[in-house]
Amino acid sequence: MEQFVTSLNNVLWSTPVIYGCLAIGLFFSILTRFLQVRHLKDMIMLMFQGKSSEAGVSSFQALSLALSGRVGTGNIAGVATAIAFGGPGAVFWMWAVAFIGASSAFIESTLAQIYKVKQDGQYRGGPAYYIEKGTGMKWYGILFAIAALVAMSILMPGVQSNSIALGIDNAFGVSPTITAVGLVIILAFIIFGGVKRIAGVAQFVVPFMALGYIILALIIIAMNISELPGVIALIFKSAFALDSAFGGIVGLAVSWGVKRGIYSNEAGQGTGPHAAAAAEVSHPAKQGLVQAFSVYIDTLFVCSATAFMILFTGMYNTEGPGGSFIISNLPGVEAGPGFTQAAIETVLPGFGAGFVAVALFFFAFTTIMAYYYIAETNIAYLTRGKNGKWAMFALKLVLLGATFYGSVKQASLAWALGDAGLGIMVWLNLIAILILAKPALVALKDYEAQKKQGVDPVFDPVKLGIKNADYWEKEYKKDESQVS
């Protein structure tokens, strides 16, 4: 099984695909005139604007829901893995992916808002919806929905639950089976409560967990501040083969940095648009900008916190191409949460293992919640006009089963399955947003024009010549009066 999945990943994550991800992000950055810099102020301001309604959630709730998917085990275990196999230079390429990927996140999330629908009393949207409405290729929308459903409900949850179980076992000696049972019980309580409960938990837990994690990293940096110039120099030298120790693995640095960067921030992957579509806003570009900033929060803040803790304390191993270690500061410690735990232990003895276990629990658990929401949205797409009650119930059981299974299986298989699921979605979504970029770019231009006029931007697809934006054409004005 593991050999098959590894072979599949070698195709899905081949060198042309990795560089293609960077090229597409750069392409969108140029087309949007680097909105990730020009509209940074708007991104921050828009996070706290907008209110929820009966059908939708606020911009901040949608951001939190998206961040619950972005900020996961990749921010702790994934960063450590990237350093283990790509060296410190992988951190630079994670930053590059975040900066460039913010434009991809804008495009896909704006498209999700443009082509969202009001279904069963709530907003639904995402790649399957904008693929069908924007291209007219319903088969392509169905293909993405099936791929996302399999990835989010079967392949991906195990990566998150495995890291939770491993962290808790290392810190507290609790059996993975016991952890798995506890996870399933808590998760069932939340997902059986519906989208509003998921968004409610996310908006409370996500900011708290991310801020706490970043504060601890800042403490460790402050206590090792003399190392700052050397660590920054090491990251950049390693990224461009200027460091003698890591120069021979610069290709691996790019590969692991891009792969883990995309895995963590999900820009262009097609997951973020599901949450973006649920937001109650007056213009699609508003939520597109908010979602673009979520990429920054995930990688530039949270991933960097992990990287700096590990590199400042030197608590990592890096493997060379032949299997020998270039750096071996933690003999016998597997790449993953153990690096971060050891880093914290050097500064705060007796605190590292427990803190990382708790952080992993919150990071990974909220990600599984987001996976459920994404899977549910794609079930809703596939069962439109039909009674999807039993399909939704079956989805809950499958995801809970995958969460349990991942908790008790070995980490290497869990990560391999997760990479395969991510790779399939990335392929399908990147092709789609390349085809559909024009409506998002038109929406951005319209947003900027209305801002220059000093008015609060309101979207009118008919005026802009955007077709099949049915919600905005037929229902927006009616719903606007119901926003609370």
# chains A, B, ... in the order shown; residues from 1 in each chain; ligands from 1
>>> residues_around(residues="segment 341-357 of chain A", least_positions_apart="3", cutoff="6 Å", atoms="only C-alpha atoms", output="list in words")
Gly167, Ile168, Ala171, Met309, Ile310, Thr313, Met315, Gly338 and Leu360 of chain A
>>> closest_atom_pairs(of="segment 306-397 of chain A", to="segment 233-256 of chain A", cutoff="10 Å", atoms="only C-alpha atoms", output="JSON lines")
{"residue": "A:Ala307", "atom": "CA", "partner": "A:Ile235", "partner_atom": "CA", "distance": 9.9}
{"residue": "A:Leu311", "atom": "CA", "partner": "A:Ile235", "partner_atom": "CA", "distance": 9.1}
{"residue": "A:Thr318", "atom": "CA", "partner": "A:Phe246", "partner_atom": "CA", "distance": 8.9}
{"residue": "A:Glu319", "atom": "CA", "partner": "A:Ile249", "partner_atom": "CA", "distance": 9.1}
{"residue": "A:Gly320", "atom": "CA", "partner": "A:Ile249", "partner_atom": "CA", "distance": 6.8}
{"residue": "A:Pro321", "atom": "CA", "partner": "A:Ile249", "partner_atom": "CA", "distance": 7.0}
{"residue": "A:Ile326", "atom": "CA", "partner": "A:Ala245", "partner_atom": "CA", "distance": 6.9}
{"residue": "A:Ile327", "atom": "CA", "partner": "A:Ala245", "partner_atom": "CA", "distance": 8.6}
>>> closest_atom_pairs(of="segment 23-48 of chain A", to="segment 53-72 of chain A", cutoff="8 Å", atoms="only C-alpha atoms", output="CSV")
residue,atom,partner,partner_atom,distance
A:Leu46,CA,A:Ser59,CA,7.4
A:Met47,CA,A:Phe60,CA,5.3
A:Phe48,CA,A:Phe60,CA,5.8
>>> atom_distance(atom1="atom CA of Met369 of chain A", atom2="atom CA of Thr403 of chain A")
10.8 Å
>>> residues_around(residues="Lys396 of chain A", least_positions_apart="4", cutoff="9 Å", atoms="only C-alpha atoms", output="PyMOL selection string")
chain A and resi 153+188+191-192+372+376+391-392+400-401
>>> closest_atom_pairs(of="segment 175-271 of chain A", to="segment 123-129 of chain A", cutoff="10 Å", atoms="only C-alpha atoms", output="CSV")
residue,atom,partner,partner_atom,distance
A:Gln269,CA,A:Pro127,CA,9.6
A:Gly270,CA,A:Pro127,CA,6.1
A:Thr271,CA,A:Gly126,CA,7.7
>>> write_last_selection(atoms="C-alpha atoms", output="mmCIF file, in the first residue's frame")
data_model
loop_
_atom_site.group_PDB
_atom_site.id
_atom_site.type_symbol
_atom_site.label_atom_id
_atom_site.label_comp_id
_atom_site.auth_asym_id
_atom_site.auth_seq_id
_atom_site.Cartn_x
_atom_site.Cartn_y
_atom_site.Cartn_z
ATOM 1 C CA GLN A 269 -5.323 23.769 -3.390
ATOM 2 C CA GLY A 270 -9.057 24.406 -3.559
ATOM 3 C CA THR A 271 -9.851 24.055 0.154
#
>>> select_by_dssp(residues="segment 160-356 of chain A", states="helix (DSSP H, G or I)", output="short mmCIF file (atom, residue, chain, number, x, y, z; two decimals) with N, CA and C atoms, in the first residue's frame")
data_model
loop_
_atom_site.label_atom_id
_atom_site.label_comp_id
_atom_site.auth_asym_id
_atom_site.auth_seq_id
_atom_site.Cartn_x
_atom_site.Cartn_y
_atom_site.Cartn_z
N GLN A 160 -3.67 14.48 10.35
CA GLN A 160 -3.88 15.33 11.53
C GLN A 160 -4.02 14.50 12.80
N SER A 161 -4.86 13.47 12.76
CA SER A 161 -5.09 12.68 13.98
C SER A 161 -3.85 11.90 14.38
N ASN A 162 -3.05 11.49 13.39
CA ASN A 162 -1.82 10.76 13.70
C ASN A 162 -0.85 11.64 14.49
N SER A 163 -0.75 12.91 14.08
CA SER A 163 0.14 13.84 14.78
C SER A 163 -0.35 14.12 16.20
N ILE A 164 -1.67 14.21 16.36
CA ILE A 164 -2.23 14.41 17.70
C ILE A 164 -1.87 13.23 18.60
N ALA A 165 -2.13 12.02 18.10
CA ALA A 165 -1.89 10.82 18.89
C ALA A 165 -0.41 10.66 19.24
N LEU A 166 0.47 10.95 18.26
CA LEU A 166 1.91 10.83 18.49
C LEU A 166 2.38 11.84 19.54
N GLY A 167 1.89 13.08 19.42
CA GLY A 167 2.29 14.12 20.36
C GLY A 167 1.83 13.83 21.78
N ILE A 168 0.60 13.37 21.93
CA ILE A 168 0.06 13.07 23.25
C ILE A 168 0.75 11.85 23.86
N ASP A 169 1.07 10.88 23.02
CA ASP A 169 1.78 9.69 23.51
C ASP A 169 3.18 10.07 24.00
N ASN A 170 3.89 10.90 23.23
CA ASN A 170 5.22 11.33 23.62
C ASN A 170 5.22 12.15 24.90
N ALA A 171 4.19 13.01 25.03
CA ALA A 171 4.17 13.94 26.16
C ALA A 171 3.59 13.31 27.43
N PHE A 172 2.53 12.54 27.28
CA PHE A 172 1.80 12.07 28.47
C PHE A 172 1.70 10.56 28.58
N PRO A 176 -2.38 5.70 21.81
CA PRO A 176 -3.04 6.27 20.64
C PRO A 176 -4.50 5.83 20.51
N THR A 177 -4.81 4.63 20.94
CA THR A 177 -6.20 4.15 20.85
C THR A 177 -7.12 4.99 21.75
N ILE A 178 -6.66 5.28 22.96
CA ILE A 178 -7.45 6.12 23.87
C ILE A 178 -7.61 7.52 23.29
N THR A 179 -6.52 8.06 22.76
CA THR A 179 -6.60 9.38 22.13
C THR A 179 -7.58 9.37 20.97
N ALA A 180 -7.55 8.31 20.18
CA ALA A 180 -8.44 8.20 19.02
C ALA A 180 -9.90 8.22 19.44
N VAL A 181 -10.22 7.50 20.51
CA VAL A 181 -11.61 7.47 21.01
C VAL A 181 -12.04 8.86 21.46
N GLY A 182 -11.16 9.54 22.20
CA GLY A 182 -11.49 10.90 22.66
C GLY A 182 -11.70 11.86 21.51
N LEU A 183 -10.83 11.77 20.49
CA LEU A 183 -10.96 12.63 19.32
C LEU A 183 -12.30 12.43 18.63
N VAL A 184 -12.66 11.20 18.44
CA VAL A 184 -13.90 10.87 17.72
C VAL A 184 -15.11 11.40 18.47
N ILE A 185 -15.12 11.29 19.77
CA ILE A 185 -16.26 11.76 20.58
C ILE A 185 -16.41 13.28 20.47
N ILE A 186 -15.32 14.01 20.65
CA ILE A 186 -15.39 15.48 20.60
C ILE A 186 -15.74 15.94 19.19
N LEU A 187 -15.11 15.32 18.19
CA LEU A 187 -15.38 15.70 16.80
C LEU A 187 -16.82 15.45 16.42
N ALA A 188 -17.37 14.33 16.87
CA ALA A 188 -18.76 14.00 16.56
C ALA A 188 -19.71 15.05 17.13
N PHE A 189 -19.43 15.51 18.35
CA PHE A 189 -20.28 16.53 18.98
C PHE A 189 -20.33 17.80 18.14
N ILE A 190 -19.17 18.17 17.56
CA ILE A 190 -19.10 19.41 16.79
C ILE A 190 -19.72 19.26 15.41
N ILE A 191 -19.33 18.23 14.66
CA ILE A 191 -19.80 18.14 13.28
C ILE A 191 -21.28 17.77 13.19
N VAL A 195 -22.85 23.55 10.39
CA VAL A 195 -21.87 24.54 9.97
C VAL A 195 -21.72 25.67 10.98
N LYS A 196 -22.83 26.14 11.55
CA LYS A 196 -22.78 27.24 12.50
C LYS A 196 -21.95 26.86 13.72
N ARG A 197 -22.08 25.64 14.21
CA ARG A 197 -21.30 25.21 15.37
C ARG A 197 -19.83 25.10 15.01
N ILE A 198 -19.52 24.58 13.81
CA ILE A 198 -18.14 24.48 13.37
C ILE A 198 -17.51 25.87 13.29
N ALA A 199 -18.21 26.83 12.67
CA ALA A 199 -17.69 28.19 12.54
C ALA A 199 -17.54 28.85 13.91
N GLY A 200 -18.50 28.58 14.80
CA GLY A 200 -18.44 29.15 16.15
C GLY A 200 -17.23 28.67 16.92
N VAL A 201 -16.95 27.38 16.84
CA VAL A 201 -15.76 26.82 17.52
C VAL A 201 -14.50 27.38 16.89
N ALA A 202 -14.47 27.46 15.57
CA ALA A 202 -13.28 27.94 14.87
C ALA A 202 -12.94 29.38 15.22
N GLN A 203 -13.94 30.26 15.27
CA GLN A 203 -13.65 31.67 15.52
C GLN A 203 -13.14 31.91 16.94
N PHE A 204 -13.41 30.99 17.85
CA PHE A 204 -12.91 31.12 19.22
C PHE A 204 -11.54 30.46 19.37
N VAL A 205 -11.40 29.25 18.86
CA VAL A 205 -10.20 28.45 19.10
C VAL A 205 -9.02 28.89 18.23
N VAL A 206 -9.25 29.17 16.94
CA VAL A 206 -8.15 29.42 16.01
C VAL A 206 -7.30 30.63 16.40
N PRO A 207 -7.91 31.82 16.65
CA PRO A 207 -7.07 32.96 17.03
C PRO A 207 -6.31 32.70 18.34
N PHE A 208 -6.96 32.07 19.30
CA PHE A 208 -6.34 31.78 20.59
C PHE A 208 -5.13 30.87 20.42
N MET A 209 -5.28 29.80 19.65
CA MET A 209 -4.19 28.82 19.53
C MET A 209 -3.02 29.41 18.74
N ALA A 210 -3.30 30.15 17.68
CA ALA A 210 -2.23 30.70 16.85
C ALA A 210 -1.44 31.75 17.62
N LEU A 211 -2.16 32.62 18.34
CA LEU A 211 -1.49 33.68 19.10
C LEU A 211 -0.62 33.10 20.21
N GLY A 212 -1.13 32.11 20.93
CA GLY A 212 -0.35 31.48 22.00
C GLY A 212 0.92 30.85 21.47
N TYR A 213 0.83 30.21 20.34
CA TYR A 213 1.98 29.54 19.74
C TYR A 213 3.04 30.54 19.30
N ILE A 214 2.58 31.63 18.68
CA ILE A 214 3.51 32.67 18.21
C ILE A 214 4.20 33.35 19.39
N ILE A 215 3.46 33.60 20.46
CA ILE A 215 4.05 34.24 21.65
C ILE A 215 5.17 33.38 22.22
N LEU A 216 4.96 32.06 22.31
CA LEU A 216 6.01 31.17 22.81
C LEU A 216 7.24 31.23 21.91
N ALA A 217 7.02 31.25 20.60
CA ALA A 217 8.15 31.35 19.67
C ALA A 217 8.92 32.64 19.88
N LEU A 218 8.21 33.74 20.10
CA LEU A 218 8.87 35.02 20.33
C LEU A 218 9.70 35.00 21.61
N ILE A 219 9.21 34.29 22.62
CA ILE A 219 9.96 34.15 23.87
C ILE A 219 11.28 33.41 23.61
N ILE A 220 11.20 32.32 22.85
CA ILE A 220 12.40 31.53 22.54
C ILE A 220 13.37 32.34 21.69
N ILE A 221 12.84 33.12 20.74
CA ILE A 221 13.69 33.97 19.91
C ILE A 221 14.38 35.02 20.78
N ALA A 222 13.60 35.64 21.68
CA ALA A 222 14.17 36.68 22.56
C ALA A 222 15.29 36.12 23.44
N MET A 223 15.12 34.87 23.90
CA MET A 223 16.12 34.26 24.77
C MET A 223 17.35 33.81 23.99
N ILE A 225 18.37 35.73 21.09
CA ILE A 225 18.37 36.80 20.10
C ILE A 225 19.71 36.96 19.39
N SER A 226 20.80 36.58 20.05
CA SER A 226 22.12 36.71 19.43
C SER A 226 22.26 35.80 18.21
N GLU A 227 21.40 34.77 18.13
CA GLU A 227 21.47 33.82 17.02
C GLU A 227 20.73 34.31 15.78
N LEU A 228 19.97 35.41 15.92
CA LEU A 228 19.09 35.86 14.83
C LEU A 228 19.82 36.09 13.50
N PRO A 229 20.90 36.87 13.46
CA PRO A 229 21.56 37.10 12.17
C PRO A 229 22.05 35.80 11.53
N GLY A 230 22.61 34.91 12.35
CA GLY A 230 23.13 33.65 11.83
C GLY A 230 22.04 32.75 11.26
N VAL A 231 20.89 32.70 11.94
CA VAL A 231 19.79 31.85 11.48
C VAL A 231 19.20 32.39 10.17
N ILE A 232 18.99 33.71 10.09
CA ILE A 232 18.47 34.30 8.86
C ILE A 232 19.43 34.04 7.70
N ALA A 233 20.72 34.24 7.96
CA ALA A 233 21.72 34.01 6.92
C ALA A 233 21.73 32.54 6.49
N LEU A 234 21.61 31.63 7.45
CA LEU A 234 21.60 30.20 7.14
C LEU A 234 20.43 29.83 6.24
N ILE A 235 19.25 30.38 6.53
CA ILE A 235 18.06 30.09 5.72
C ILE A 235 18.27 30.52 4.27
N PHE A 236 18.78 31.75 4.08
CA PHE A 236 18.94 32.27 2.72
C PHE A 236 20.09 31.58 1.99
N LYS A 237 21.20 31.36 2.68
CA LYS A 237 22.33 30.67 2.04
C LYS A 237 21.96 29.25 1.63
N SER A 238 21.24 28.57 2.50
CA SER A 238 20.84 27.18 2.20
C SER A 238 19.86 27.12 1.05
N ALA A 239 19.03 28.15 0.93
CA ALA A 239 18.03 28.17 -0.13
C ALA A 239 18.64 28.32 -1.52
N GLY A 247 24.60 22.96 0.52
CA GLY A 247 24.60 23.29 -0.91
C GLY A 247 24.20 22.15 -1.80
N GLY A 248 24.52 20.93 -1.38
CA GLY A 248 24.23 19.77 -2.22
C GLY A 248 22.77 19.35 -2.25
N ILE A 249 21.94 19.96 -1.39
CA ILE A 249 20.52 19.56 -1.35
C ILE A 249 19.59 20.72 -1.67
N VAL A 250 20.09 21.71 -2.43
CA VAL A 250 19.25 22.86 -2.74
C VAL A 250 17.98 22.44 -3.49
N GLY A 251 18.10 21.43 -4.36
CA GLY A 251 16.90 20.95 -5.07
C GLY A 251 15.87 20.39 -4.11
N LEU A 252 16.34 19.67 -3.10
CA LEU A 252 15.43 19.14 -2.08
C LEU A 252 14.83 20.26 -1.25
N ALA A 253 15.60 21.32 -1.02
CA ALA A 253 15.09 22.47 -0.27
C ALA A 253 13.89 23.08 -0.99
N VAL A 254 14.03 23.25 -2.31
CA VAL A 254 12.92 23.80 -3.11
C VAL A 254 11.73 22.85 -3.07
N SER A 255 12.01 21.57 -3.33
CA SER A 255 10.94 20.58 -3.38
C SER A 255 10.17 20.49 -2.07
N TRP A 256 10.90 20.31 -0.97
CA TRP A 256 10.23 20.16 0.32
C TRP A 256 9.61 21.47 0.80
N GLY A 257 10.26 22.58 0.50
CA GLY A 257 9.70 23.87 0.90
C GLY A 257 8.39 24.17 0.20
N VAL A 258 8.35 23.91 -1.12
CA VAL A 258 7.13 24.16 -1.89
C VAL A 258 6.03 23.18 -1.48
N LYS A 259 6.38 21.89 -1.38
CA LYS A 259 5.38 20.87 -1.05
C LYS A 259 4.77 21.11 0.33
N ARG A 260 5.64 21.30 1.32
CA ARG A 260 5.13 21.54 2.67
C ARG A 260 4.47 22.91 2.79
N GLY A 261 4.95 23.88 2.01
CA GLY A 261 4.32 25.21 2.02
C GLY A 261 2.90 25.16 1.51
N ILE A 262 2.71 24.46 0.38
CA ILE A 262 1.36 24.31 -0.17
C ILE A 262 0.49 23.48 0.75
N TYR A 263 1.09 22.44 1.32
CA TYR A 263 0.31 21.59 2.23
C TYR A 263 -0.19 22.41 3.41
N SER A 264 0.66 23.31 3.91
CA SER A 264 0.29 24.08 5.09
C SER A 264 -0.67 25.22 4.76
N ASN A 265 -0.30 26.08 3.78
CA ASN A 265 -1.14 27.27 3.55
C ASN A 265 -2.28 27.03 2.57
N GLY A 272 -9.59 26.42 0.68
CA GLY A 272 -10.00 27.72 1.20
C GLY A 272 -11.27 28.28 0.58
N PRO A 273 -11.50 28.10 -0.72
CA PRO A 273 -12.71 28.66 -1.34
C PRO A 273 -14.02 28.18 -0.72
N HIS A 274 -14.03 26.98 -0.15
CA HIS A 274 -15.27 26.48 0.46
C HIS A 274 -15.71 27.39 1.60
N ALA A 275 -14.76 27.78 2.46
CA ALA A 275 -15.08 28.68 3.57
C ALA A 275 -15.36 30.09 3.06
N ALA A 276 -14.61 30.51 2.05
CA ALA A 276 -14.80 31.86 1.50
C ALA A 276 -16.22 32.06 0.98
N ALA A 277 -16.77 31.03 0.35
CA ALA A 277 -18.12 31.13 -0.22
C ALA A 277 -19.18 31.31 0.84
N PRO A 284 -17.43 40.06 -3.95
CA PRO A 284 -16.56 38.87 -3.87
C PRO A 284 -15.10 39.18 -3.57
N ALA A 285 -14.59 40.30 -4.09
CA ALA A 285 -13.18 40.63 -3.88
C ALA A 285 -12.86 40.86 -2.41
N LYS A 286 -13.85 41.27 -1.64
CA LYS A 286 -13.61 41.49 -0.21
C LYS A 286 -13.15 40.21 0.47
N GLN A 287 -13.89 39.13 0.27
CA GLN A 287 -13.51 37.88 0.92
C GLN A 287 -12.27 37.28 0.26
N GLY A 288 -12.07 37.57 -1.02
CA GLY A 288 -10.85 37.12 -1.68
C GLY A 288 -9.62 37.71 -1.01
N LEU A 289 -9.69 38.98 -0.66
CA LEU A 289 -8.56 39.64 0.01
C LEU A 289 -8.37 39.09 1.42
N VAL A 290 -9.45 38.84 2.12
CA VAL A 290 -9.35 38.27 3.47
C VAL A 290 -8.68 36.90 3.42
N GLN A 291 -9.10 36.09 2.46
CA GLN A 291 -8.52 34.75 2.35
C GLN A 291 -7.06 34.80 1.92
N ALA A 292 -6.69 35.80 1.14
CA ALA A 292 -5.28 35.95 0.76
C ALA A 292 -4.44 36.21 2.01
N PHE A 293 -4.96 36.99 2.93
CA PHE A 293 -4.21 37.29 4.16
C PHE A 293 -4.08 36.05 5.04
N SER A 294 -5.04 35.15 4.95
CA SER A 294 -4.96 33.94 5.78
C SER A 294 -3.73 33.10 5.43
N VAL A 295 -3.26 33.21 4.18
CA VAL A 295 -2.04 32.51 3.77
C VAL A 295 -0.85 33.08 4.53
N TYR A 296 -0.82 34.41 4.66
CA TYR A 296 0.25 35.05 5.43
C TYR A 296 0.24 34.59 6.88
N ILE A 297 -0.95 34.59 7.48
CA ILE A 297 -1.06 34.19 8.89
C ILE A 297 -0.51 32.78 9.07
N ASP A 298 -0.90 31.89 8.17
CA ASP A 298 -0.49 30.50 8.29
C ASP A 298 1.02 30.32 8.17
N THR A 299 1.60 30.85 7.09
CA THR A 299 3.00 30.54 6.80
C THR A 299 3.98 31.55 7.38
N LEU A 300 3.73 32.85 7.13
CA LEU A 300 4.69 33.85 7.60
C LEU A 300 4.69 33.98 9.11
N PHE A 301 3.58 33.67 9.76
CA PHE A 301 3.52 33.78 11.22
C PHE A 301 3.71 32.42 11.90
N VAL A 302 2.78 31.50 11.66
CA VAL A 302 2.77 30.25 12.43
C VAL A 302 3.88 29.30 12.00
N CYS A 303 4.04 29.09 10.68
CA CYS A 303 5.13 28.21 10.22
C CYS A 303 6.49 28.79 10.59
N SER A 304 6.64 30.11 10.46
CA SER A 304 7.90 30.74 10.82
C SER A 304 8.19 30.57 12.30
N ALA A 305 7.15 30.59 13.12
CA ALA A 305 7.34 30.38 14.56
C ALA A 305 7.99 29.03 14.82
N THR A 306 7.47 28.00 14.16
CA THR A 306 8.06 26.66 14.31
C THR A 306 9.50 26.62 13.80
N ALA A 307 9.71 27.16 12.61
CA ALA A 307 11.05 27.12 12.00
C ALA A 307 12.08 27.81 12.88
N PHE A 308 11.73 28.98 13.40
CA PHE A 308 12.67 29.72 14.23
C PHE A 308 12.96 29.01 15.54
N MET A 309 11.95 28.41 16.15
CA MET A 309 12.20 27.66 17.39
C MET A 309 13.19 26.53 17.14
N ILE A 310 13.02 25.82 16.04
CA ILE A 310 13.89 24.68 15.72
C ILE A 310 15.30 25.15 15.38
N LEU A 311 15.40 26.16 14.50
CA LEU A 311 16.71 26.59 14.02
C LEU A 311 17.48 27.39 15.07
N PHE A 312 16.79 28.19 15.87
CA PHE A 312 17.46 28.97 16.91
C PHE A 312 18.10 28.07 17.95
N THR A 313 17.47 26.96 18.23
CA THR A 313 18.00 26.05 19.25
C THR A 313 18.85 24.94 18.66
N PRO A 337 7.00 16.33 15.09
CA PRO A 337 6.81 17.13 16.31
C PRO A 337 7.96 17.04 17.30
N GLY A 338 8.73 15.93 17.23
CA GLY A 338 9.84 15.76 18.17
C GLY A 338 10.87 16.87 18.08
N PHE A 339 11.08 17.44 16.87
CA PHE A 339 12.02 18.55 16.71
C PHE A 339 11.54 19.75 17.52
N THR A 340 10.26 20.08 17.37
CA THR A 340 9.71 21.25 18.05
C THR A 340 9.69 21.04 19.56
N GLN A 341 9.35 19.83 19.98
CA GLN A 341 9.35 19.52 21.41
C GLN A 341 10.74 19.70 22.00
N ALA A 342 11.76 19.19 21.31
CA ALA A 342 13.13 19.30 21.79
C ALA A 342 13.58 20.76 21.84
N ALA A 343 13.15 21.56 20.84
CA ALA A 343 13.52 22.97 20.80
C ALA A 343 12.98 23.72 22.02
N ILE A 344 11.72 23.47 22.36
CA ILE A 344 11.13 24.14 23.51
C ILE A 344 11.76 23.65 24.82
N GLU A 345 12.10 22.37 24.87
CA GLU A 345 12.71 21.80 26.08
C GLU A 345 14.05 22.46 26.40
N THR A 346 14.79 22.87 25.37
CA THR A 346 16.10 23.48 25.63
C THR A 346 15.98 24.81 26.35
N VAL A 347 14.85 25.48 26.17
CA VAL A 347 14.64 26.79 26.78
C VAL A 347 13.76 26.69 28.03
N GLY A 352 8.26 21.46 26.96
CA GLY A 352 8.17 21.30 25.52
C GLY A 352 7.21 20.23 25.04
N ALA A 353 7.36 19.02 25.56
CA ALA A 353 6.54 17.92 25.08
C ALA A 353 5.06 18.18 25.30
N GLY A 354 4.72 18.66 26.50
CA GLY A 354 3.31 18.92 26.82
C GLY A 354 2.73 20.04 25.98
N PHE A 355 3.52 21.12 25.81
CA PHE A 355 3.01 22.26 25.04
C PHE A 355 2.76 21.88 23.59
N VAL A 356 3.73 21.18 22.98
CA VAL A 356 3.56 20.79 21.57
C VAL A 356 2.39 19.83 21.41
#
>>> atom_distance(atom1="atom CA of Leu22 of chain A", atom2="atom CA of Thr81 of chain A")
20.1 Å
>>> residues_around(residues="Leu417 of chain A", least_positions_apart="4", cutoff="8 Å", atoms="only C-alpha atoms", output="PyMOL selection string")
chain A and resi 5+155-156+159+413+421
>>> write_last_selection(atoms="C-alpha atoms", output="short mmCIF file (atom, residue, chain, number, x, y, z; two decimals), in the first residue's frame")
data_model
loop_
_atom_site.label_atom_id
_atom_site.label_comp_id
_atom_site.auth_asym_id
_atom_site.auth_seq_id
_atom_site.Cartn_x
_atom_site.Cartn_y
_atom_site.Cartn_z
CA VAL A 5 1.00 5.64 -2.62
CA LEU A 155 -7.06 10.50 3.02
CA MET A 156 -6.34 13.74 4.90
CA VAL A 159 -2.41 13.01 8.92
CA LEU A 413 1.68 6.02 5.60
CA GLY A 421 -4.99 13.54 -1.57
#
